[in-house]
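Visitor: Mind looking over this structure? Questions follow.
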Amino acid sequence: MSPFPEEVDVFTGPHWRMKQLVGLYCDKLSKTNFSNNNDFRSFLQSLCATFKEFKMHEQIENEYIIGLLQQRSQTVYNVHSDNKLSEMLCLFEKGLRNVKNEYEQLNYAQQLKERLEAFTQDFLPHMKEEEEVFQPMLMEYFTYEELKDIRKKVIAQHYSQRCWDTMEVLKGLSLWNQAELHKAFKYSVHEKVDEGFEKNTSSISISHLPPEVLLKVFRHLSPEDLCRCSRVCSSWSQVVKTGSLWKHLYPVDWARGNFNRGPPGDLDQEPDDEWRKSREDENKAYQEWDEDADIDESEEGWENSPAVNVMQKEKSLLYGMVQHLLPVVGPSVKSLVLAYSSTVSSKMVRQMLSLCPNLTHLDLTQTDITDSAFDRVLSLRGGLPRLEHLNLSGCLFITEVGLQDLVSACPSLNDEHFYYCDNINGPHADTASGCQNLQCGFRACCRSGE
C-alpha cells in the first residue's frame with residue numbers, strides 16, 4: 001500500500017495498470033503457440049498495442065509529472081531518456097511484417113522471449129524507483145492542492161487514451177473466460193461477475209466507458225473477442241449485440257480460428273489448394289465418424305480426432321448463431337459465407353435467411369443444401385430484395401424449379417455474381433456466371449463422369 005495519501009499519489013494508480021499489462025503479456029507469452037500463424041500474429045498485435053500504451057504512459061509522466069518537477073526543482077532528471085519502448089515496438093512490427101513461415105516464427109520466438117524478459121527486468125524496478133524516489137520529491141516541491149490537480153490531470157490523460165487503447169485490455173479478458181462463440185449471447189443479467197474482476201475493471205474505469213466509446217473499441221475486435229466481452233456484464237452484452245458489428249459473417253472460418261476475414265471484396269477469389277485439402281480431410285473424417293456414431297463411437301477414436309472436433313465446433317457455432325445471434329442482429333447482416341461447410345443443413349440455412357432479410361451476399365459453395373433451404377425466403381413477403389451475389393457452385397441437390405422460384409424472390413440479383421451448375425437449365429442461363437466448382441481441387445464436378 002502506498003505511504004502517501006491516495007489523492008496526491010500520482011504514480012501508484014497508473015503503475016497498477018502498467019503492471020497489469022506486464023502480467024498479461026507474460027501470461028500470453030507462456031500460452032502462445034508460436035508454430036501457429038494465427039496465435040503468432042495475434043500475440044504480436046497485442047504486444048504492439050500494449051507497448052504503445054507503455055509509451056503513452058511515459059509521455060504523460062514526462063509532460064505532467066517529471067517536466068513540472070524539473071521546472072520547480074530546476075534539475076534535469078533522465079527518467080525516460082532511453083528508447084527501449086521504440087526498440088521493442090520495432091521488433092514486434094518487424095515480426096508482423098517479415099516473418100513468413102513456421103521455421104522463422106520459432107526462431108523469432110526465442111529472440112522475442114529474451115528481449116521481453118530483459119525489458120520486464122528493467123521496467124518493473126523503474127516503476128518502483130519512481131514511486132519511492134520521485135513521489136517524495138513531488139511532496140517536497142508541490143503543495144497538497146497542486147499535487148491533487150496534477151494527479152487529476154494524469155488520471156484524465158490515461159483515461160482519455162484508454163478509450164482508444166482498450167482493445168488489448170479486452171483481449172486480456174480471454175484469461176478470465178474462454179467462452180465459446182455459440183455461448184456468446186446466453187448472458188443473463190442475473191449472472192454474477194467474478195468479484196476480483198469487477199474490482200479491477202472498476203479501478204481502471206473500463207466498465208464505465210460510455211456505449212458509444214465501447215462501440216468504437218469493439219469495432220476493432222475479432223468475433224471471438226466480442227463474444228468474450230458479451231459475457232462480462234449486461235451493458236457490454238448489449239453493446240456487443242449492436243448490428244453494425246455483425247454485418248459480415250464467416251462462421252466456417254471462425255470455427256477454424258480464422259477471424260481475419262473482412263467485408264466482401266475478394267470473396268470471389270478461390271481458396272488455395274492447402275485450404276481445400278484441409279477441408280477434404282475434415283469432411284471425410286467427420287462423415288466417417290458420423291456414419292459410425294450409432295455403432296461404436298469410441299472404437300477407432302474418431303470423436304477425438306482434430307478434424308472431427310473442428311466440424312463439431314462448426315456445427316455448434318452455426319446452431320448458436322441461429323439461436324442467439326441472428327435473432328438480435330439479423331436485419332443488419334449483409335453477407336453470409338457458408339462455403340465448404342459440411343455441417344450446415346437446409347433447415348439451418350432456411351432459419352438464417354428468414355432472420356437476415358437484408359442480405360446482399362450469400363455464398364453456399366460446396367454445401368449439401370436442397371431447394372427446401374429457400375422455402376421460407378419464398379414465403380416471406382418480398383423475399384431477399386437486396387441480394388446481389390449468390391454462389392451455389394457445387395450444390396448438387398438444387399433443382400431447376402428451386403432456382404427459378406428463388407430468383408423470382410431476389411429482384412436485385414446480379415447475373416455476373418450468380419453461380420450455379422450450368423448443367424441445370426436454370427434462370428439467366430445465358431448471362432449467369434456458371435459454376436465455380438469446375439476448378440475445384442477436391443470435390444469432383446458433376447461433369448467429371450462425362
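How things are named: the first chain in the C-alpha cells is A, the next is B, and so on; residues count from 1 in each chain; ligands count from 1 in the order shown.
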So that I can check the surroundings of Thr365 in chain A, please list as number ranges by chain every protein, DNA and RNA residue that reaches within 8 Å of it, counting only C-alpha atoms and ignoring chain neighbours fewer than 3 positions away.
Guide: A: 338-340, 391-395
Visitor: I need the residues from that last selection saved to file as a PDB file, in the first residue's frame (with C-alpha atoms), if you can.
Guide:
ATOM      1  CA  LEU A 338     -21.070 -20.743 -45.519  1.00  0.00           C
ATOM      2  CA  ALA A 339     -18.899 -22.065 -48.343  1.00  0.00           C
ATOM      3  CA  TYR A 340     -17.428 -25.571 -47.905  1.00  0.00           C
ATOM      4  CA  ASN A 391     -22.999 -18.580 -55.132  1.00  0.00           C
ATOM      5  CA  LEU A 392     -24.457 -22.101 -55.375  1.00  0.00           C
ATOM      6  CA  SER A 393     -21.415 -23.701 -57.010  1.00  0.00           C
ATOM      7  CA  GLY A 394     -21.220 -27.405 -56.220  1.00  0.00           C
ATOM      8  CA  CYS A 395     -24.667 -27.502 -54.620  1.00  0.00           C
TER       9      CYS A 395
END
Visitor: Just want the 7 Å neighbourhood of Thr360 in chain A, counted on only C-alpha atoms, with same-chain residues fewer than 4 positions away dropped. Output as a ChimeraX atom specification.
Guide: /A:334-335,386-389
Visitor: Which polymer residues have any atom within 7 Å of an atom of range 397-401 of chain A, counting only C-alpha atoms, with same-chain residues fewer than 3 positions away left out, as number ranges by chain?
Guide: A: 368-371, 404-405, 424-426
Visitor: Can you pull out every residue within 8 Å of Leu353 in chain A, counting only C-alpha atoms, but drop anything in the same chain fewer than 5 positions away, and send it as a list in words?
Guide: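 Contacts, in chain order: Phe374, Arg376 and Val377 of chain A.
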Visitor: Quick one: residues within 8 Å of range 112-118 of chain A, only C-alpha atoms counted, chain neighbours fewer than 6 positions away excluded, as a PyMOL selection string?
Guide: chain A and resi 29+88+91
Visitor: Please produce a file of those selected residues containing all heavy atoms, as a JSON list (two decimals), in the first residue's frame.
Guide:
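Output contents, as saved in again-v2.json:
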[["chain", "number", "residue", "atom", "x", "y", "z"],
["A", 29, "LEU", "N", 2.50, -14.90, -23.27],
["A", 29, "LEU", "CA", 3.74, -15.45, -23.82],
["A", 29, "LEU", "C", 3.84, -16.93, -23.49],
["A", 29, "LEU", "O", 4.24, -17.75, -24.34],
["A", 29, "LEU", "CB", 4.94, -14.69, -23.24],
["A", 29, "LEU", "CG", 6.33, -15.20, -23.63],
["A", 29, "LEU", "CD1", 6.54, -15.05, -25.14],
["A", 29, "LEU", "CD2", 7.41, -14.44, -22.86],
["A", 88, "MET", "N", 11.47, -2.03, -28.84],
["A", 88, "MET", "CA", 10.58, -3.19, -28.71],
["A", 88, "MET", "C", 9.46, -3.13, -29.75],
["A", 88, "MET", "O", 9.12, -4.15, -30.38],
["A", 88, "MET", "CB", 10.00, -3.25, -27.30],
["A", 88, "MET", "CG", 11.03, -3.51, -26.21],
["A", 88, "MET", "SD", 11.89, -5.09, -26.38],
["A", 88, "MET", "CE", 10.59, -6.23, -25.94],
["A", 91, "LEU", "N", 10.75, -4.25, -32.98],
["A", 91, "LEU", "CA", 10.89, -5.70, -33.00],
["A", 91, "LEU", "C", 9.56, -6.37, -33.33],
["A", 91, "LEU", "O", 9.50, -7.29, -34.16],
["A", 91, "LEU", "CB", 11.39, -6.18, -31.64],
["A", 91, "LEU", "CG", 11.48, -7.69, -31.44],
["A", 91, "LEU", "CD1", 12.54, -8.30, -32.35],
["A", 91, "LEU", "CD2", 11.78, -8.03, -29.97]]
